[in-house]
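**Q** Here you go, this is start.pdb (PDB, C-alpha atoms, pLDDT in the B column).
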```
ATOM      1  CA  MET J  10     -68.612-223.295-122.186  1.00 51.00           C
ATOM      2  CA  GLY J  11     -67.381-226.867-122.513  1.00 48.00           C
ATOM      3  CA  TYR J  12     -67.857-228.686-125.794  1.00 58.00           C
ATOM      4  CA  ASP J  13     -69.696-231.552-124.109  1.00 82.00           C
ATOM      5  CA  LEU J  14     -72.571-229.449-122.754  1.00 89.00           C
ATOM      6  CA  PRO J  15     -76.003-230.382-124.101  1.00 91.00           C
ATOM      7  CA  GLU J  16     -76.960-228.483-127.237  1.00 93.00           C
ATOM      8  CA  GLU J  17     -80.240-227.439-125.616  1.00 93.00           C
ATOM      9  CA  PHE J  18     -78.379-225.703-122.794  1.00 96.00           C
ATOM     10  CA  GLN J  19     -75.836-224.033-125.061  1.00 95.00           C
ATOM     11  CA  SER J  20     -78.386-222.670-127.519  1.00 96.00           C
ATOM     12  CA  LYS J  21     -80.793-221.420-124.849  1.00 96.00           C
ATOM     13  CA  PHE J  22     -77.994-219.847-122.802  1.00 96.00           C
ATOM     14  CA  LYS J  23     -76.685-218.088-125.910  1.00 96.00           C
ATOM     15  CA  LEU J  24     -80.156-216.749-126.619  1.00 96.00           C
ATOM     16  CA  LEU J  25     -80.624-215.531-123.042  1.00 96.00           C
ATOM     17  CA  LYS J  26     -77.231-213.842-123.127  1.00 95.00           C
ATOM     18  CA  GLN J  27     -78.125-212.031-126.349  1.00 95.00           C
ATOM     19  CA  GLU J  28     -81.444-210.912-124.837  1.00 95.00           C
ATOM     20  CA  TYR J  29     -79.513-209.622-121.841  1.00 94.00           C
ATOM     21  CA  ILE J  30     -77.100-207.675-124.051  1.00 93.00           C
ATOM     22  CA  ASP J  31     -80.053-206.163-125.917  1.00 94.00           C
ATOM     23  CA  LYS J  32     -81.814-205.009-122.773  1.00 94.00           C
ATOM     24  CA  LEU J  33     -78.717-203.790-120.918  1.00 93.00           C
ATOM     25  CA  PRO J  34     -78.997-200.147-122.167  1.00 93.00           C
ATOM     26  CA  GLN J  35     -82.567-200.063-120.825  1.00 94.00           C
ATOM     27  CA  MET J  36     -81.406-201.539-117.509  1.00 94.00           C
ATOM     28  CA  ILE J  37     -78.673-198.883-117.245  1.00 94.00           C
ATOM     29  CA  SER J  38     -81.231-196.199-117.968  1.00 95.00           C
ATOM     30  CA  GLU J  39     -83.552-197.550-115.224  1.00 95.00           C
ATOM     31  CA  LEU J  40     -80.617-197.755-112.853  1.00 94.00           C
ATOM     32  CA  SER J  41     -79.687-194.161-113.602  1.00 95.00           C
ATOM     33  CA  ILE J  42     -83.255-193.007-112.852  1.00 96.00           C
ATOM     34  CA  ALA J  43     -83.355-194.981-109.591  1.00 95.00           C
ATOM     35  CA  ILE J  44     -80.005-193.585-108.376  1.00 95.00           C
ATOM     36  CA  ASN J  45     -80.934-190.043-109.326  1.00 95.00           C
ATOM     37  CA  ASP J  46     -84.231-190.408-107.438  1.00 95.00           C
ATOM     38  CA  PHE J  47     -82.255-191.523-104.401  1.00 94.00           C
ATOM     39  CA  LEU J  48     -79.780-188.643-104.721  1.00 94.00           C
ATOM     40  CA  GLN J  49     -82.519-186.040-105.124  1.00 95.00           C
ATOM     41  CA  ASP J  50     -84.862-187.395-102.479  1.00 94.00           C
ATOM     42  CA  PRO J  51     -83.277-190.042-100.240  1.00 94.00           C
ATOM     43  CA  THR J  52     -86.384-191.643 -98.780  1.00 94.00           C
ATOM     44  CA  GLU J  53     -86.502-195.208 -97.488  1.00 91.00           C
ATOM     45  CA  GLU J  54     -88.323-196.221-100.668  1.00 93.00           C
ATOM     46  CA  SER J  55     -85.885-194.546-103.096  1.00 95.00           C
ATOM     47  CA  ILE J  56     -82.885-195.990-101.250  1.00 92.00           C
ATOM     48  CA  LYS J  57     -84.402-199.477-101.384  1.00 91.00           C
ATOM     49  CA  LYS J  58     -85.190-199.157-105.090  1.00 92.00           C
ATOM     50  CA  ALA J  59     -81.685-197.891-105.909  1.00 93.00           C
ATOM     51  CA  TYR J  60     -80.097-200.680-103.907  1.00 92.00           C
ATOM     52  CA  THR J  61     -82.267-203.349-105.535  1.00 90.00           C
ATOM     53  CA  VAL J  62     -81.458-202.341-109.124  1.00 92.00           C
ATOM     54  CA  VAL J  63     -77.704-202.186-108.461  1.00 94.00           C
ATOM     55  CA  HIS J  64     -77.804-205.459-106.538  1.00 89.00           C
ATOM     56  CA  ASN J  65     -79.721-207.189-109.339  1.00 89.00           C
ATOM     57  CA  LEU J  66     -77.383-205.867-112.016  1.00 93.00           C
ATOM     58  CA  SER J  67     -74.445-207.200-110.030  1.00 91.00           C
ATOM     59  CA  GLY J  68     -75.989-210.667-109.858  1.00 89.00           C
ATOM     60  CA  SER J  69     -77.319-210.927-113.392  1.00 92.00           C
ATOM     61  CA  SER J  70     -74.242-209.556-115.198  1.00 94.00           C
ATOM     62  CA  GLY J  71     -71.972-212.027-113.425  1.00 92.00           C
ATOM     63  CA  LEU J  72     -74.272-214.836-114.447  1.00 93.00           C
ATOM     64  CA  TYR J  73     -73.626-214.116-118.125  1.00 94.00           C
ATOM     65  CA  GLY J  74     -69.884-213.801-117.660  1.00 91.00           C
ATOM     66  CA  TYR J  75     -69.602-210.014-117.389  1.00 93.00           C
ATOM     67  CA  SER J  76     -67.565-210.204-114.232  1.00 91.00           C
ATOM     68  CA  ASP J  77     -66.220-206.657-114.523  1.00 93.00           C
ATOM     69  CA  ILE J  78     -69.762-205.189-114.601  1.00 94.00           C
ATOM     70  CA  SER J  79     -70.644-207.431-111.685  1.00 93.00           C
ATOM     71  CA  LYS J  80     -67.571-206.307-109.742  1.00 93.00           C
ATOM     72  CA  LYS J  81     -68.197-202.587-110.355  1.00 95.00           C
ATOM     73  CA  SER J  82     -71.859-203.030-109.414  1.00 95.00           C
ATOM     74  CA  LYS J  83     -70.905-204.818-106.234  1.00 92.00           C
ATOM     75  CA  GLU J  84     -68.567-201.945-105.342  1.00 94.00           C
ATOM     76  CA  PHE J  85     -71.401-199.460-105.800  1.00 95.00           C
ATOM     77  CA  ASP J  86     -73.800-201.796-103.975  1.00 92.00           C
ATOM     78  CA  LYS J  87     -71.477-201.512-100.950  1.00 92.00           C
ATOM     79  CA  ILE J  88     -71.660-197.713-101.136  1.00 94.00           C
ATOM     80  CA  ILE J  89     -75.482-197.672-101.034  1.00 94.00           C
ATOM     81  CA  LYS J  90     -76.018-200.525 -98.584  1.00 91.00           C
ATOM     82  CA  PRO J  91     -75.144-198.506 -95.411  1.00 93.00           C
ATOM     83  CA  PHE J  92     -77.983-196.100 -96.281  1.00 93.00           C
ATOM     84  CA  LEU J  93     -80.367-199.030 -96.605  1.00 90.00           C
ATOM     85  CA  GLU J  94     -79.207-200.419 -93.274  1.00 89.00           C
ATOM     86  CA  LYS J  95     -79.323-196.915 -91.769  1.00 91.00           C
ATOM     87  CA  THR J  96     -75.742-197.113 -90.556  1.00 94.00           C
ATOM     88  CA  GLU J  97     -75.057-194.095 -92.785  1.00 92.00           C
ATOM     89  CA  LEU J  98     -77.308-191.041 -93.090  1.00 93.00           C
ATOM     90  CA  PRO J  99     -78.027-189.252 -96.379  1.00 92.00           C
ATOM     91  CA  THR J 100     -76.373-186.004 -95.281  1.00 93.00           C
ATOM     92  CA  GLU J 101     -75.439-183.406 -97.879  1.00 93.00           C
ATOM     93  CA  GLU J 102     -71.802-184.443 -97.641  1.00 94.00           C
ATOM     94  CA  ASN J 103     -72.629-188.144 -98.077  1.00 94.00           C
ATOM     95  CA  ILE J 104     -74.904-187.465-101.033  1.00 94.00           C
ATOM     96  CA  ILE J 105     -72.095-185.542-102.766  1.00 94.00           C
ATOM     97  CA  LEU J 106     -69.794-188.535-102.279  1.00 94.00           C
ATOM     98  CA  VAL J 107     -72.392-191.009-103.565  1.00 94.00           C
ATOM     99  CA  ARG J 108     -73.070-188.789-106.585  1.00 94.00           C
ATOM    100  CA  GLN J 109     -69.372-188.699-107.410  1.00 95.00           C
ATOM    101  CA  LYS J 110     -69.086-192.497-107.160  1.00 95.00           C
ATOM    102  CA  PHE J 111     -72.259-192.917-109.159  1.00 95.00           C
ATOM    103  CA  MET J 112     -70.951-190.765-112.016  1.00 95.00           C
ATOM    104  CA  GLU J 113     -67.844-192.965-112.204  1.00 95.00           C
ATOM    105  CA  TYR J 114     -69.962-196.116-112.118  1.00 96.00           C
ATOM    106  CA  LEU J 115     -72.401-194.829-114.734  1.00 94.00           C
ATOM    107  CA  SER J 116     -69.574-193.767-117.010  1.00 94.00           C
ATOM    108  CA  PHE J 117     -68.083-197.256-116.736  1.00 95.00           C
ATOM    109  CA  LEU J 118     -71.425-198.870-117.637  1.00 94.00           C
ATOM    110  CA  GLN J 119     -72.166-196.513-120.539  1.00 90.00           C
ATOM    111  CA  ASN J 120     -68.745-197.026-122.072  1.00 90.00           C
ATOM    112  CA  TYR J 121     -68.648-200.754-121.527  1.00 88.00           C
ATOM    113  CA  ASN J 122     -67.952-202.691-124.695  1.00 79.00           C
ATOM    114  CA  LEU J 123     -70.098-205.824-124.664  1.00 75.00           C
TER     115      LEU J 123
ATOM    116  CA  MET A  71     -87.738-237.236 -93.272  1.00 53.00           C
ATOM    117  CA  ALA A  72     -85.971-235.994 -96.388  1.00 53.00           C
ATOM    118  CA  PRO A  73     -86.097-238.041 -99.579  1.00 58.00           C
ATOM    119  CA  LEU A  74     -82.850-239.718-100.588  1.00 75.00           C
ATOM    120  CA  GLU A  75     -83.267-238.641-104.148  1.00 88.00           C
ATOM    121  CA  LEU A  76     -83.458-234.998-105.117  1.00 95.00           C
ATOM    122  CA  ASN A  77     -85.942-234.261-107.897  1.00 97.00           C
ATOM    123  CA  LYS A  78     -88.202-231.280-107.269  1.00 98.00           C
ATOM    124  CA  ILE A  79     -86.691-227.882-106.513  1.00 98.00           C
ATOM    125  CA  LEU A  80     -88.647-224.764-105.593  1.00 98.00           C
ATOM    126  CA  HIS A  81     -86.607-221.716-106.588  1.00 98.00           C
ATOM    127  CA  VAL A  82     -87.516-218.416-104.917  1.00 98.00           C
ATOM    128  CA  GLU A  83     -85.852-215.446-106.612  1.00 96.00           C
ATOM    129  CA  ASP A  84     -87.049-211.999-107.712  1.00 93.00           C
ATOM    130  CA  GLU A  85     -84.549-211.326-110.499  1.00 93.00           C
ATOM    131  CA  TYR A  86     -85.684-212.513-113.955  1.00 94.00           C
ATOM    132  CA  ASP A  87     -82.297-213.463-115.423  1.00 95.00           C
ATOM    133  CA  ILE A  88     -81.266-215.403-112.352  1.00 96.00           C
ATOM    134  CA  GLN A  89     -84.628-217.209-112.387  1.00 97.00           C
ATOM    135  CA  THR A  90     -84.275-218.132-116.058  1.00 97.00           C
ATOM    136  CA  VAL A  91     -80.658-219.255-116.040  1.00 97.00           C
ATOM    137  CA  THR A  92     -81.121-221.234-112.820  1.00 98.00           C
ATOM    138  CA  LYS A  93     -84.110-223.080-114.285  1.00 98.00           C
ATOM    139  CA  LEU A  94     -82.263-223.761-117.537  1.00 97.00           C
ATOM    140  CA  SER A  95     -79.190-225.027-115.723  1.00 98.00           C
ATOM    141  CA  LEU A  96     -80.987-227.217-113.198  1.00 98.00           C
ATOM    142  CA  GLU A  97     -83.384-228.735-115.726  1.00 98.00           C
ATOM    143  CA  THR A  98     -81.141-229.299-118.739  1.00 97.00           C
ATOM    144  CA  LEU A  99     -77.857-230.027-116.948  1.00 97.00           C
ATOM    145  CA  GLY A 100     -79.038-231.331-113.588  1.00 97.00           C
ATOM    146  CA  GLY A 101     -82.134-233.245-114.662  1.00 97.00           C
ATOM    147  CA  PHE A 102     -84.211-231.675-111.873  1.00 98.00           C
ATOM    148  CA  ALA A 103     -87.751-230.355-112.046  1.00 98.00           C
ATOM    149  CA  VAL A 104     -87.827-226.670-111.103  1.00 98.00           C
ATOM    150  CA  HIS A 105     -90.733-224.464-110.112  1.00 98.00           C
ATOM    151  CA  THR A 106     -89.884-220.759-109.878  1.00 98.00           C
ATOM    152  CA  CYS A 107     -91.526-218.191-107.606  1.00 98.00           C
ATOM    153  CA  GLY A 108     -90.768-214.490-107.936  1.00 97.00           C
ATOM    154  CA  SER A 109     -91.462-213.664-104.304  1.00 97.00           C
ATOM    155  CA  GLY A 110     -91.664-215.183-100.862  1.00 97.00           C
ATOM    156  CA  LYS A 111     -95.403-214.614-100.882  1.00 97.00           C
ATOM    157  CA  ASP A 112     -95.811-216.697-104.053  1.00 98.00           C
ATOM    158  CA  ALA A 113     -93.571-219.405-102.610  1.00 98.00           C
ATOM    159  CA  LEU A 114     -95.720-219.664 -99.488  1.00 98.00           C
ATOM    160  CA  THR A 115     -98.719-220.270-101.736  1.00 98.00           C
ATOM    161  CA  ASP A 116     -97.154-222.588-104.348  1.00 98.00           C
ATOM    162  CA  ILE A 117     -95.252-224.760-101.892  1.00 98.00           C
ATOM    163  CA  TYR A 118     -98.370-226.776-100.997  1.00 98.00           C
ATOM    164  CA  ASP A 119     -99.099-227.944-104.546  1.00 98.00           C
ATOM    165  CA  TYR A 120     -95.487-228.336-105.600  1.00 98.00           C
ATOM    166  CA  ASN A 121     -94.314-230.144-102.449  1.00 97.00           C
ATOM    167  CA  PRO A 122     -90.585-229.653-103.186  1.00 98.00           C
ATOM    168  CA  ASP A 123     -87.707-231.888-102.108  1.00 97.00           C
ATOM    169  CA  LEU A 124     -85.521-228.799-101.780  1.00 98.00           C
ATOM    170  CA  ILE A 125     -85.987-225.026-101.657  1.00 98.00           C
ATOM    171  CA  LEU A 126     -83.443-222.740-103.277  1.00 98.00           C
ATOM    172  CA  LEU A 127     -83.998-219.415-101.567  1.00 97.00           C
ATOM    173  CA  ASP A 128     -82.649-215.992-102.454  1.00 94.00           C
ATOM    174  CA  VAL A 129     -81.646-213.936 -99.406  1.00 91.00           C
ATOM    175  CA  MET A 130     -82.191-210.413-100.732  1.00 86.00           C
ATOM    176  CA  MET A 131     -85.710-209.893-102.095  1.00 89.00           C
ATOM    177  CA  PRO A 132     -87.708-206.652-101.995  1.00 84.00           C
ATOM    178  CA  ASP A 133     -90.861-207.468-100.030  1.00 85.00           C
ATOM    179  CA  MET A 134     -89.921-210.454 -97.905  1.00 93.00           C
ATOM    180  CA  ASP A 135     -86.296-211.509 -97.567  1.00 91.00           C
ATOM    181  CA  GLY A 136     -85.087-215.124 -97.603  1.00 94.00           C
ATOM    182  CA  PRO A 137     -84.718-215.593 -93.824  1.00 93.00           C
ATOM    183  CA  SER A 138     -88.295-214.265 -93.333  1.00 95.00           C
ATOM    184  CA  VAL A 139     -89.599-216.699 -95.964  1.00 97.00           C
ATOM    185  CA  LEU A 140     -87.768-219.549 -94.226  1.00 96.00           C
ATOM    186  CA  LYS A 141     -89.341-218.571 -90.915  1.00 95.00           C
ATOM    187  CA  GLU A 142     -92.821-218.726 -92.472  1.00 97.00           C
ATOM    188  CA  ILE A 143     -92.109-222.055 -94.218  1.00 97.00           C
ATOM    189  CA  ARG A 144     -91.050-223.593 -90.903  1.00 96.00           C
ATOM    190  CA  LYS A 145     -94.423-222.679 -89.416  1.00 96.00           C
ATOM    191  CA  ILE A 146     -96.065-225.119 -91.872  1.00 97.00           C
ATOM    192  CA  GLU A 147     -95.906-228.571 -90.314  1.00 96.00           C
ATOM    193  CA  GLN A 148     -95.512-230.342 -93.649  1.00 95.00           C
ATOM    194  CA  PHE A 149     -92.410-228.301 -94.518  1.00 97.00           C
ATOM    195  CA  GLN A 150     -90.744-228.037 -91.135  1.00 95.00           C
ATOM    196  CA  ASN A 151     -87.842-230.191 -92.315  1.00 94.00           C
ATOM    197  CA  THR A 152     -87.707-229.395 -96.022  1.00 96.00           C
ATOM    198  CA  PRO A 153     -84.062-228.720 -96.888  1.00 96.00           C
ATOM    199  CA  ILE A 154     -83.081-225.189 -97.901  1.00 97.00           C
ATOM    200  CA  ILE A 155     -80.127-223.780 -99.792  1.00 97.00           C
ATOM    201  CA  PHE A 156     -79.700-220.026 -99.582  1.00 95.00           C
ATOM    202  CA  MET A 157     -78.477-218.063-102.589  1.00 94.00           C
ATOM    203  CA  THR A 158     -76.828-214.777-101.793  1.00 89.00           C
ATOM    204  CA  ALA A 159     -74.558-212.149-103.215  1.00 80.00           C
ATOM    205  CA  LYS A 160     -73.501-211.306 -99.717  1.00 63.00           C
ATOM    206  CA  ALA A 161     -70.130-212.919 -99.433  1.00 59.00           C
ATOM    207  CA  GLN A 162     -69.298-211.697 -95.950  1.00 61.00           C
ATOM    208  CA  THR A 163     -68.256-214.640 -93.795  1.00 64.00           C
ATOM    209  CA  ASN A 164     -70.292-213.664 -90.746  1.00 72.00           C
ATOM    210  CA  GLU A 165     -73.534-213.432 -92.735  1.00 76.00           C
ATOM    211  CA  ILE A 166     -72.892-216.785 -94.415  1.00 79.00           C
ATOM    212  CA  GLU A 167     -72.280-218.441 -91.049  1.00 83.00           C
ATOM    213  CA  THR A 168     -75.539-216.983 -89.730  1.00 87.00           C
ATOM    214  CA  TYR A 169     -77.534-218.352 -92.678  1.00 86.00           C
ATOM    215  CA  LYS A 170     -75.878-221.759 -92.344  1.00 85.00           C
ATOM    216  CA  SER A 171     -76.930-221.977 -88.718  1.00 89.00           C
ATOM    217  CA  TYR A 172     -80.659-221.927 -89.553  1.00 90.00           C
ATOM    218  CA  PRO A 173     -82.289-225.369 -89.136  1.00 89.00           C
ATOM    219  CA  GLY A 174     -82.431-227.449 -92.306  1.00 93.00           C
ATOM    220  CA  VAL A 175     -80.083-225.198 -94.278  1.00 95.00           C
ATOM    221  CA  LEU A 176     -77.746-227.382 -96.354  1.00 96.00           C
ATOM    222  CA  GLY A 177     -75.489-224.555 -97.406  1.00 93.00           C
ATOM    223  CA  ILE A 178     -75.042-221.316 -99.311  1.00 93.00           C
ATOM    224  CA  ILE A 179     -74.518-220.648-102.985  1.00 94.00           C
ATOM    225  CA  VAL A 180     -72.874-217.321-103.655  1.00 90.00           C
ATOM    226  CA  LYS A 181     -74.114-215.248-106.606  1.00 89.00           C
ATOM    227  CA  PRO A 182     -73.150-214.766-109.324  1.00 89.00           C
ATOM    228  CA  PHE A 183     -72.716-218.504-109.766  1.00 93.00           C
ATOM    229  CA  ASN A 184     -71.460-220.535-112.693  1.00 94.00           C
ATOM    230  CA  ALA A 185     -74.551-221.939-114.450  1.00 96.00           C
ATOM    231  CA  VAL A 186     -72.631-224.980-115.689  1.00 96.00           C
ATOM    232  CA  LEU A 187     -71.431-225.928-112.218  1.00 96.00           C
ATOM    233  CA  LEU A 188     -74.626-225.107-110.311  1.00 97.00           C
ATOM    234  CA  PRO A 189     -76.318-228.561-110.520  1.00 97.00           C
ATOM    235  CA  GLN A 190     -73.225-230.304-109.203  1.00 97.00           C
ATOM    236  CA  GLU A 191     -72.847-227.735-106.445  1.00 97.00           C
ATOM    237  CA  ILE A 192     -76.403-228.487-105.318  1.00 98.00           C
ATOM    238  CA  LYS A 193     -75.891-232.262-105.578  1.00 97.00           C
ATOM    239  CA  ASP A 194     -72.724-231.960-103.470  1.00 96.00           C
ATOM    240  CA  LEU A 195     -74.501-229.952-100.751  1.00 96.00           C
ATOM    241  CA  TRP A 196     -77.325-232.502-100.736  1.00 95.00           C
ATOM    242  CA  ARG A 197     -74.984-235.492-100.515  1.00 93.00           C
ATOM    243  CA  ASN A 198     -72.754-233.902 -97.890  1.00 91.00           C
ATOM    244  CA  HIS A 199     -75.713-233.066 -95.723  1.00 88.00           C
ATOM    245  CA  TYR A 200     -77.290-236.526 -95.894  1.00 85.00           C
ATOM    246  CA  GLY A 201     -74.002-238.437 -96.047  1.00 83.00           C
ATOM    247  CA  ILE A 202     -74.930-240.252 -99.260  1.00 76.00           C
TER     248      ILE A 202
END
```
Rewrite the structure from the file as C-alpha cells, please.
**A**
Amino acid sequence: MGYDLPEEFQSKFKLLKQEYIDKLPQMISELSIAINDFLQDPTEESIKKAYTVVHNLSGSSGLYGYSDISKKSKEFDKIIKPFLEKTELPTEENIILVRQKFMEYLSFLQNYNL
Amino acid sequence: MAPLELNKILHVEDEYDIQTVTKLSLETLGGFAVHTCGSGKDALTDIYDYNPDLILLDVMMPDMDGPSVLKEIRKIEQFQNTPIIFMTAKAQTNEIETYKSYPGVLGIIVKPFNAVLLPQEIKDLWRNHYGI
C-alpha cells in the first residue's frame, strides 16, 4: 500500500484482511465439504456449489494480496468448470482425476503460511 | 442520457469480501456513493430507489448471472441506457469480447482487482466511453 493512501482506507483494509485470515480455515473447511459432496454425489446442485466456493475463494484471496492462493484456486476452478458447463461428465475416471487434483489443492491450502 | 459526472454506483456481487473491499475502495478512495446488492434479484428491486449513475455487475452469481441481470435491467425503460461495467474472473478473451458487445457496457474489470487502483480504473472507463 502506498504511504499517501487515506488512513481510513488503510486501517479498514487492514482490519478486513485480518478478518479474512481469521476465517480462512473455516472457508477451507467449507470448501472441503463442498468438493467432497461433489465427488461423492455429482449432482447439478453439488457441482454448482463446489464451483461457487472455489470461484469465490479465487476472487477473494487475490483481493487481499494472496495471489498464490488465488492462482491455485483458479487452476482448480478450471478443473470443475467443464462439469458445470456439462462439457465433461462425472464418470468414474473423471472423478478419480478430480479427487487427485483436489487432494493436491487442499494440501496446498492447509499448509499455506499466511 | 448519461450524467457527465459519476457519483452513484450500484454494485451487484454475491461474495462478501469483494462487496466489502469494493465499497471501501470506491467510497474512501474514489469519493463515490455505493449501494451493494448481494444478488441480481435484490438489484432489480433496489435499482428504482437508488437510481444509479453506473452499475458494477458481477458476471458469475449463483441464482441469476450478470448477463441475465443486465437483460432484466434493460427491460425497465428508466434504466435502458444506464451504463454497466462487468466484473469477472473469467479472463478468456472471447468471453470478455462478448460481454463488451452488450449495449451500454463500458468495459470489464477482471477479478481479483487491485483495490487501490479500482476507482481510477472505473473513472477511466467512464471517461473513455463518454469522451470526457
**Q** Do you know which residues lie at most 10 Å from (-73.6, -223.0, -100.1), with coordinates as in the file and only C-alpha atoms counted, and could you write them as number ranges by chain?
**A** A: 154-158, 166, 169-170, 175-180, 191-192, 194-195
**Q** Given the file above and the PyMOL selection byres ((chain A and resi 80-97) around 7), which residues are selected, and can you give them as an MDAnalysis selection string?
**A** (chainID J and resid 18 65 69) or (chainID A and resid 78:79 98:110 113 122 124:128 131 185:186 189)
**Q** Using only C-alpha atoms, I'd like every residue of chain J that has an atom within 6 Å of chain A; please write them out as an MDAnalysis selection string.
**A** chainID J and resid 68:69 71:72
**Q** Give me, please, the distance in Å between CA of Pro153 (chain A) and CA of Glu94 (chain J), quoted to one decimal.
**A** 28.9 Å
**Q** What do you get, as a PyMOL selection string, if you spell out every residue that the PyMOL selection byres ((chain J and resi 53-60) around 12) selects here?
**A** (chain J and resi 37+39-52+61-67+82-95+97-99+104+107+111) or (chain A and resi 130-133)
**Q** To box region 70-79 of chain J, take all atoms listed in the file, fit an axis-aligned box, add 4 Å on each side, and give centre and edge lengths in Å to one decimal, as JSON.
**A**
```
{"center_x": -70.2, "center_y": -210.0, "center_z": -114.9, "size_x": 16.1, "size_y": 17.6, "size_z": 14.4}
```
**Q** Measure the distance from CA of Asp119 (chain A) to CA of Trp196 (chain A) in Å and round it to one decimal.
**A**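 One can read the CA of Asp119 (chain A) to CA of Trp196 (chain A) distance as 22.6 Å.
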**Q** If the PyMOL selection byres ((chain A and resi 139) around 9) is run on the structure shown, which residues does it catch, given as a PDB file with C-alpha atoms, in the frame of the given file?
**A**
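The resulting out_19.pdb:
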```
ATOM      1  CA  GLY A 110     -91.664-215.183-100.862  1.00 97.00           C
ATOM      2  CA  LYS A 111     -95.403-214.614-100.882  1.00 97.00           C
ATOM      3  CA  ALA A 113     -93.571-219.405-102.610  1.00 98.00           C
ATOM      4  CA  LEU A 114     -95.720-219.664 -99.488  1.00 98.00           C
ATOM      5  CA  LEU A 127     -83.998-219.415-101.567  1.00 97.00           C
ATOM      6  CA  MET A 134     -89.921-210.454 -97.905  1.00 93.00           C
ATOM      7  CA  ASP A 135     -86.296-211.509 -97.567  1.00 91.00           C
ATOM      8  CA  GLY A 136     -85.087-215.124 -97.603  1.00 94.00           C
ATOM      9  CA  PRO A 137     -84.718-215.593 -93.824  1.00 93.00           C
ATOM     10  CA  SER A 138     -88.295-214.265 -93.333  1.00 95.00           C
ATOM     11  CA  LEU A 140     -87.768-219.549 -94.226  1.00 96.00           C
ATOM     12  CA  LYS A 141     -89.341-218.571 -90.915  1.00 95.00           C
ATOM     13  CA  GLU A 142     -92.821-218.726 -92.472  1.00 97.00           C
ATOM     14  CA  ILE A 143     -92.109-222.055 -94.218  1.00 97.00           C
ATOM     15  CA  ARG A 144     -91.050-223.593 -90.903  1.00 96.00           C
TER      16      ARG A 144
END
```
**Q** Which residues come within 10 Å of Leu118 (chain J), counting all atoms listed in the file, excluding same-chain residues fewer than 3 positions away, as a PyMOL selection string?
**A** chain J and resi 33-34+37+77-78+81-82+112-115+121-123
**Q** Dump C-alpha atoms for the selected residues as an mmCIF file, keeping the file's coordinate frame?
**A**
```cif
data_model
loop_
_atom_site.group_PDB
_atom_site.id
_atom_site.type_symbol
_atom_site.label_atom_id
_atom_site.label_comp_id
_atom_site.auth_asym_id
_atom_site.auth_seq_id
_atom_site.Cartn_x
_atom_site.Cartn_y
_atom_site.Cartn_z
ATOM 1 C CA LEU J 33 -78.717 -203.790 -120.918
ATOM 2 C CA PRO J 34 -78.997 -200.147 -122.167
ATOM 3 C CA ILE J 37 -78.673 -198.883 -117.245
ATOM 4 C CA ASP J 77 -66.220 -206.657 -114.523
ATOM 5 C CA ILE J 78 -69.762 -205.189 -114.601
ATOM 6 C CA LYS J 81 -68.197 -202.587 -110.355
ATOM 7 C CA SER J 82 -71.859 -203.030 -109.414
ATOM 8 C CA MET J 112 -70.951 -190.765 -112.016
ATOM 9 C CA GLU J 113 -67.844 -192.965 -112.204
ATOM 10 C CA TYR J 114 -69.962 -196.116 -112.118
ATOM 11 C CA LEU J 115 -72.401 -194.829 -114.734
ATOM 12 C CA TYR J 121 -68.648 -200.754 -121.527
ATOM 13 C CA ASN J 122 -67.952 -202.691 -124.695
ATOM 14 C CA LEU J 123 -70.098 -205.824 -124.664
#
```
